[in-house]
Structures are given as structure tokens and as C-alpha cells.
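Just work01.tsv here, TSV, C-alpha atoms and all ligand atoms:
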```tsv
chain	number	residue	atom	x	y	z
U	44	MET	CA	9.32	-2.86	18.37
U	45	ASP	CA	6.47	-0.43	18.64
U	46	GLY	CA	4.56	-1.51	21.76
U	47	SER	CA	1.28	0.23	20.95
U	48	ARG	CA	1.23	-1.28	17.50
U	49	GLN	CA	1.63	-4.76	19.00
U	50	LEU	CA	-1.24	-3.99	21.33
U	51	ASP	CA	-3.40	-2.89	18.39
U	52	THR	CA	-2.68	-6.15	16.65
U	53	LYS	CA	-3.69	-8.08	19.76
U	54	ILE	CA	-6.92	-6.14	20.09
U	55	ILE	CA	-7.73	-6.76	16.45
U	56	ILE	CA	-7.11	-10.49	16.84
U	57	VAL	CA	-9.35	-10.62	19.90
U	58	LEU	CA	-12.08	-8.73	18.01
U	59	ILE	CA	-11.85	-11.15	15.10
U	60	LEU	CA	-12.15	-14.09	17.49
U	61	ILE	CA	-15.18	-12.56	19.20
U	62	LEU	CA	-16.85	-11.81	15.88
U	63	GLY	CA	-16.18	-15.34	14.66
U	64	PHE	CA	-17.71	-16.67	17.86
U	65	ILE	CA	-20.81	-14.50	17.52
U	66	THR	CA	-21.38	-15.47	13.89
U	67	ASN	CA	-21.12	-19.14	14.83
U	68	ILE	CA	-23.68	-18.78	17.56
U	69	TYR	CA	-26.12	-17.12	15.22
U	70	THR	CA	-25.78	-19.39	12.21
U	71	LYS	CA	-29.23	-20.91	11.77
U	72	PHE	CA	-30.09	-23.94	9.75
U	73	GLU	CA	-33.28	-24.71	7.90
U	74	PHE	CA	-33.87	-27.95	6.06
U	75	THR	CA	-36.02	-26.73	3.20
U	76	ASN	CA	-36.74	-29.73	1.01
U	77	MET	CA	-35.73	-33.20	-0.07
U	78	GLU	CA	-36.43	-35.07	-3.28
U	79	CYS	CA	-35.70	-38.67	-4.14
U	80	ILE	CA	-35.90	-39.66	-7.79
U	81	ALA	CA	-35.57	-43.17	-9.17
U	82	THR	CA	-33.77	-42.01	-12.31
U	83	ASP	CA	-33.76	-45.61	-13.53
U	84	LYS	CA	-37.34	-46.73	-12.96
U	85	GLU	CA	-36.60	-50.27	-14.12
U	86	TYR	CA	-34.00	-50.71	-11.42
U	87	GLY	CA	-35.92	-49.81	-8.29
U	88	LYS	CA	-38.14	-47.30	-6.59
U	89	PHE	CA	-38.44	-45.04	-3.57
U	90	ASP	CA	-41.19	-46.30	-1.27
U	91	TYR	CA	-41.02	-43.03	0.63
U	92	CYS	CA	-38.93	-39.91	0.98
U	93	TYR	CA	-40.13	-37.20	3.31
U	94	LEU	CA	-39.49	-34.59	5.88
U	95	LYS	CA	-41.81	-34.74	8.87
U	96	SER	CA	-42.48	-32.43	11.81
U	97	LYS	CA	-43.49	-34.26	14.99
U	98	ASN	CA	-43.66	-31.02	16.93
U	99	ARG	CA	-41.84	-27.70	17.07
U	100	THR	CA	-38.52	-29.19	18.13
U	101	TYR	CA	-38.51	-32.63	16.58
U	102	LYS	CA	-38.39	-32.86	12.80
U	103	TYR	CA	-36.84	-35.67	10.86
U	104	ALA	CA	-36.12	-36.98	7.38
U	105	SER	CA	-36.65	-40.55	6.20
U	106	MET	CA	-36.39	-42.47	2.98
U	107	LYS	CA	-36.57	-46.02	1.68
U	108	TYR	CA	-35.38	-47.34	-1.64
U	109	SER	CA	-36.32	-50.82	-2.73
U	110	THR	CA	-35.03	-52.90	-5.59
U	111	SER	CA	-35.20	-56.54	-6.51
U	112	GLU	CA	-31.78	-56.25	-8.15
U	113	ILE	CA	-28.64	-57.32	-6.34
U	114	LEU	CA	-26.68	-54.18	-5.54
U	115	PRO	CA	-23.26	-55.04	-6.96
U	116	LYS	CA	-19.75	-54.46	-5.66
U	117	ASN	CA	-19.01	-51.70	-8.12
U	118	LEU	CA	-21.39	-49.12	-6.78
U	119	LEU	CA	-20.39	-45.51	-7.02
U	120	ILE	CA	-21.82	-42.71	-4.93
U	121	ALA	CA	-21.32	-39.26	-6.43
U	122	LEU	CA	-22.01	-36.23	-4.30
U	123	THR	CA	-22.05	-32.57	-5.24
U	124	VAL	CA	-22.63	-29.53	-3.08
U	125	GLU	CA	-24.03	-26.45	-4.78
U	126	LYS	CA	-24.82	-22.97	-3.54
U	127	ARG	CA	-27.55	-20.84	-5.04
U	128	LEU	CA	-26.39	-17.66	-6.75
U	129	ASN	CA	-28.05	-17.31	-10.14
U	130	GLY	CA	-29.21	-20.88	-10.13
U	131	TYR	CA	-27.20	-23.51	-8.28
U	132	LYS	CA	-23.43	-23.34	-8.81
U	133	PRO	CA	-20.81	-25.93	-7.72
U	134	PHE	CA	-19.57	-25.20	-4.24
U	135	LEU	CA	-16.43	-26.77	-2.80
U	136	TYR	CA	-17.35	-30.45	-2.94
U	137	ASN	CA	-17.83	-32.74	-5.91
U	138	ILE	CA	-16.71	-36.23	-4.96
U	139	SER	CA	-17.35	-39.79	-5.94
U	140	VAL	CA	-16.71	-42.79	-3.74
U	141	ASP	CA	-16.41	-46.49	-4.51
U	142	PHE	CA	-19.02	-47.23	-1.91
U	143	CYS	CA	-18.42	-50.92	-1.19
U	144	ARG	CA	-14.71	-50.40	-0.78
U	145	TYR	CA	-15.35	-47.41	1.47
U	146	ILE	CA	-17.78	-49.32	3.70
U	147	ARG	CA	-15.44	-52.28	3.99
U	148	ASN	CA	-12.39	-50.23	4.66
U	149	PRO	CA	-13.16	-46.62	5.64
U	150	ASN	CA	-10.19	-44.38	5.09
U	151	PRO	CA	-9.62	-41.91	7.94
U	152	GLY	CA	-7.89	-39.64	5.42
U	153	ASN	CA	-11.04	-39.32	3.35
U	154	LYS	CA	-12.42	-36.49	5.46
U	155	VAL	CA	-14.99	-35.31	2.96
U	156	ALA	CA	-16.58	-38.73	2.44
U	157	ASN	CA	-16.42	-39.37	6.20
U	158	PHE	CA	-18.17	-36.11	6.92
U	159	PHE	CA	-21.03	-36.69	4.50
U	160	TYR	CA	-21.40	-40.31	5.59
U	161	SER	CA	-21.55	-39.17	9.22
U	162	LEU	CA	-24.72	-37.19	8.39
U	163	ILE	CA	-26.70	-40.42	8.08
U	164	LYS	CA	-24.50	-43.08	9.65
U	165	PRO	CA	-26.44	-43.61	12.91
U	166	TYR	CA	-29.75	-43.74	11.04
U	167	THR	CA	-29.14	-46.01	8.08
U	168	ASN	CA	-28.81	-49.71	7.29
U	169	ILE	CA	-26.47	-48.87	4.43
U	170	ASN	CA	-23.36	-50.37	6.03
U	171	HIS	CA	-23.60	-53.96	4.90
U	172	SER	CA	-21.18	-55.95	2.84
U	173	CYS	CA	-21.60	-56.00	-0.94
U	174	ALA	CA	-23.15	-57.48	-2.96
U	175	TYR	CA	-26.44	-56.83	-1.25
U	176	THR	CA	-30.11	-57.56	-1.73
U	177	GLY	CA	-32.71	-55.65	0.16
U	178	ASP	CA	-33.90	-52.17	0.88
U	179	ILE	CA	-31.81	-49.13	1.61
U	180	ILE	CA	-33.28	-47.25	4.52
U	181	VAL	CA	-32.47	-43.95	6.14
U	182	ASP	CA	-34.71	-43.72	9.16
U	183	LYS	CA	-35.65	-40.55	11.05
U	184	VAL	CA	-32.51	-38.44	10.80
U	185	PRO	CA	-33.26	-35.62	13.23
U	186	ILE	CA	-33.01	-32.22	11.60
U	187	SER	CA	-31.36	-30.97	14.81
U	188	PHE	CA	-28.58	-33.50	14.18
U	189	LEU	CA	-28.08	-32.22	10.62
U	190	SER	CA	-28.23	-28.67	11.89
U	191	TYR	CA	-25.46	-29.37	14.38
U	192	LYS	CA	-23.27	-31.06	11.78
U	193	LEU	CA	-23.80	-28.45	9.09
U	194	THR	CA	-23.42	-25.34	11.22
U	195	GLU	CA	-21.01	-26.28	14.02
U	196	LEU	CA	-18.64	-28.52	12.14
U	197	LEU	CA	-18.78	-27.10	8.65
U	198	HIS	CA	-18.28	-23.39	8.30
U	199	PHE	CA	-20.14	-22.62	5.11
U	200	PRO	CA	-21.16	-19.01	4.49
U	201	ASP	CA	-24.85	-18.12	4.75
U	202	GLY	CA	-26.97	-19.00	1.75
U	203	ASP	CA	-29.10	-21.63	0.06
U	204	TYR	CA	-27.49	-24.98	-0.62
U	205	ARG	CA	-28.30	-28.16	-2.43
U	206	ILE	CA	-26.59	-31.51	-1.95
U	207	THR	CA	-27.16	-33.97	-4.77
U	208	THR	CA	-26.18	-37.63	-4.54
U	209	TYR	CA	-26.34	-40.19	-7.28
U	210	MET	CA	-26.06	-43.93	-6.99
U	211	ILE	CA	-24.23	-45.03	-10.12
U	212	ILE	CA	-24.06	-48.65	-11.20
U	213	LYS	CA	-22.39	-49.65	-14.46
U	214	ASP	CA	-22.16	-46.01	-15.51
U	215	ILE	CA	-25.89	-45.48	-15.17
U	216	LYS	CA	-27.40	-43.12	-12.60
U	217	ARG	CA	-29.99	-45.25	-10.81
U	218	THR	CA	-31.08	-42.80	-8.12
U	219	LYS	CA	-30.83	-39.10	-7.46
U	220	ILE	CA	-31.39	-37.63	-4.02
U	221	MET	CA	-31.41	-33.89	-3.48
U	222	ILE	CA	-31.55	-32.12	-0.18
U	223	TYR	CA	-31.97	-28.40	0.13
U	224	PHE	CA	-31.05	-26.31	3.13
U	225	LYS	CA	-30.50	-22.76	4.12
U	226	LEU	CA	-27.91	-21.20	6.43
U	227	PHE	CA	-28.78	-17.74	7.67
F	301	LIG	C1	-41.45	-33.63	20.51
F	301	LIG	O1	-41.56	-34.99	20.20
F	301	LIG	C2	-40.55	-35.81	20.75
F	301	LIG	C3	-40.71	-37.23	20.24
F	301	LIG	O2	-42.04	-37.62	20.19
F	301	LIG	C4	-40.61	-35.73	22.27
F	301	LIG	O3	-39.57	-36.53	22.85
F	301	LIG	C5	-40.43	-34.29	22.69
F	301	LIG	O4	-40.59	-34.18	24.08
F	301	LIG	C6	-41.49	-33.41	22.01
F	301	LIG	N1	-41.22	-32.01	22.32
F	301	LIG	C7	-42.18	-31.17	22.65
F	301	LIG	C8	-41.73	-29.76	22.91
F	301	LIG	O5	-43.35	-31.49	22.75
F	302	LIG	C1	-18.58	-33.30	-10.72
F	302	LIG	O1	-17.56	-34.12	-11.25
F	302	LIG	C2	-17.98	-34.99	-12.30
F	302	LIG	C3	-16.80	-35.82	-12.76
F	302	LIG	O2	-16.04	-36.24	-11.69
F	302	LIG	C4	-18.52	-34.16	-13.46
F	302	LIG	O3	-19.00	-35.02	-14.46
F	302	LIG	C5	-19.67	-33.26	-12.99
F	302	LIG	O4	-20.10	-32.43	-14.02
F	302	LIG	C6	-19.20	-32.43	-11.80
F	302	LIG	N1	-20.36	-31.71	-11.27
F	302	LIG	C7	-20.36	-30.42	-11.03
F	302	LIG	C8	-21.63	-29.85	-10.51
F	302	LIG	O5	-19.37	-29.73	-11.21
F	303	LIG	C1	-19.12	-50.82	8.48
F	303	LIG	O1	-19.21	-51.83	9.46
F	303	LIG	C2	-18.00	-52.57	9.66
F	303	LIG	C3	-18.30	-53.71	10.60
F	303	LIG	O2	-18.99	-53.25	11.74
F	303	LIG	C4	-16.92	-51.64	10.18
F	303	LIG	O3	-15.70	-52.31	10.35
F	303	LIG	C5	-16.73	-50.51	9.17
F	303	LIG	O4	-15.81	-49.56	9.70
F	303	LIG	C6	-18.05	-49.81	8.86
F	303	LIG	N1	-17.84	-48.85	7.78
F	303	LIG	C7	-18.03	-47.55	7.93
F	303	LIG	C8	-17.77	-46.71	6.71
F	303	LIG	O5	-18.37	-47.03	8.98
```
Can you turn what I pasted into C-alpha cells?
Amino acid sequence: MDGSRQLDTKIIIVLILILGFITNIYTKFEFTNMECIATDKEYGKFDYCYLKSKNRTYKYASMKYSTSEILPKNLLIALTVEKRLNGYKPFLYNISVDFCRYIRNPNPGNKVANFFYSLIKPYTNINHSCAYTGDIIVDKVPISFLSYKLTELLHFPDGDYRITTYMIIKDIKRTKIMIYFKLF
């Protein structure tokens, strides 16, 4: 074996590791917008949906959906991630989850659903058995928490992203929630 060539390879690997480390440190996250739309206005409504800045370091997102309907057992959550190029284009994830089954019996193998659920899990009342009557609340998710999850755990390239989630009941999209963020 050529010793100097092996050394070169080692140096290159170390450089790649260092560069990877530096890029991770400098990935910044900005939560740019959120929109909640009651696509089926007969079914229910969003009482609020906002991003709020308490001060320079503490920003959070909250939303509340209320309906007088009974949320049934066959409730589908569809989630799509898109990245902006010329307009938003599908990026990596486009999943749909039988929500009540998932909540009852979370599957450790369903890493994608687990990841996206983990973004709101500590801040929502959504984990209740189906069927359900009452409001769906996501309360004060700190943007720093989302930033940590979306930069440290997920290694997306820099850019503008949009995550869209639909709540689908009996094949009809009842709600649409979009969040927009930037990695730079
Ligand atoms: C921002 O607000 C939070 C919650 O009210 C508080 O705990 C934190 O100390 C504040 N930070 C600054 C820099 O004022
Ligand atoms: C995601 O998948 C669904 C079907 O599973 C499809 O109808 C939809 O168009 C897809 N969305 C995107 C953005 O590709
Ligand atoms: C929802 O709560 C139940 C009971 O606490 C728990 O067993 C289940 O794992 C939770 N589901 C998820 C998806 O975290």
C-alpha cells in the first residue's frame, strides 16, 4: 500500500468531518410564517393561529381549532414538505397517517411520523383517544425548540421550506395548516 496516499485519504476525511461540523454550527433557522385555513368552513374554525415574539429570545407559535362535530376514528393527517425553487416543489416527505391508530399505538418504525409529531408533542392536547369532541390546541411551541429539531436533528440543505398538513375526514380536507421556515 502507498502510505502517503492513505495519509491523504485520512486528511481528506478529517477535513470533511470538520466542514460538516462547521456547517452544522452555522445552520440558522427562521420561522417565517404560519397559516391555518378551515378549508371546510361548515366543519369547524380556527379561533387563533399566530406567531408571537415575547422578546428577542422567546418566540412561540400557537393555534386552536374548534368544532362541534365529533372527530371520528378515521381521521387522516397528510403532511408534505416542500422546498422553494421556482415555486414550492415536493421535498423528501409526503406522508399520510391514520391518526387515531397512530396515537393509540405509535409505531417506533414510523420515524418520519414520529419526527413530525415530536415537533408539537409537548405542546398539544392532540393525544386523546378517538372519537373526540372538543378543541384541538397547540400551545406556545417555542421557536427555539423547532429550530433545534429542524437544524440539529434534520439535515436539510439551506433554503426556504413549507410544511403543509391537512386533516382529512371522509375524503374531505377539513383543515390546512402551512408553516414556512428558512434555513440559512
Ligand atoms: C424572554 O421572555 C421569557 C418568558 O417571559 C423570559 O423567561 C426570558 O427571561 C426573557 N428573555 C429576555 C432576554 O428578556
Ligand atoms: C402527496 O401524495 C398524495 C397521495 O398520497 C398526492 O395526492 C399528492 O399530490 C402528493 N403531494 C405532493 C406535493 O407531491
Ligand atoms: C398517547 O398517549 C398514550 C397514553 O398516555 C400513550 O400510550 C401513547 O404512546 C401516546 N401516543 C403517542 C403517539 O405519543
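Distance annotation: of U:Asn170, U:Ser105, U:Asn117, U:Thr110, the residue with the minimal separation from U:Asp214 is U:Asn117; atom set is only C-alpha atoms.
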* Asked: With only C-alpha atoms as the basis for distance, which of U:Thr167, U:Asn129, U:Thr176, U:Thr70 is at the shortest distance from U:Gly87?
  -> U:Thr176
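Taking all atoms listed in the file into account, ligand LIG 301 (chain F) has within 10 Å the residues Ser96, Lys97, Asn98, Arg99, Thr100, Tyr101 and Lys102 of chain U.
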* To do: Show me which residues sit within 9 Å of ligand LIG 303 (chain F) when counting all atoms listed in the file, and put them as a ChimeraX atom specification.
  => /U:142-150,157,160-161,164,169-172
* Residues within 6 Å of ligand LIG 302 (chain F), counting only C-alpha atoms and all ligand atoms: report them as a VMD selection string. => chain U and resid 123 133 137
* Structure fact -> atom CA of U:Phe224 sits from atom CA of U:Thr194 at a separation of 11.2 Å
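Across the structure, atom CA of U:Tyr136 and atom CA of U:Phe159 are spaced 10.4 Å apart.
Between U:Tyr209 and the candidates U:Cys173, U:Ser139, U:Phe158, U:Lys225, the tightest atom-to-atom separation, counting all atoms listed in the file, involves U:Ser139.
Nearest residue to U:Ala156 among U:Asp141, U:Glu125, U:Glu85, U:Asp203 is U:Asp141, counting all atoms listed in the file.
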* Distance in Å - atom CA of U:Met221 versus atom CA of U:Gly177 -> 22.1 Å
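Nearest residue to U:Asp83, choosing from U:Lys107, U:Met210, U:Lys53, U:Leu197 and counting only C-alpha atoms: U:Met210.
Residue nearest U:Ile138, chosen from U:Ser187, U:Asn153, U:Ser111, U:Asn168 and counting all atoms listed in the file: U:Asn153.
Using all atoms listed in the file, the set of residues no farther than 10 Å from the position (-29.8, -19.0, 5.6) comprises Thr70, Lys71, Phe72, Glu73, Phe74, Pro200, Asp201, Gly202, Asp203, Tyr204, Phe224, Lys225, Leu226 and Phe227 of chain U.
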* Please provide as a PyMOL selection string all residues within 9 Å of U:Thr82, with the sequence filter that same-chain residues fewer than 5 positions apart are discarded (counting only C-alpha atoms). => chain U and resi 88+216-219
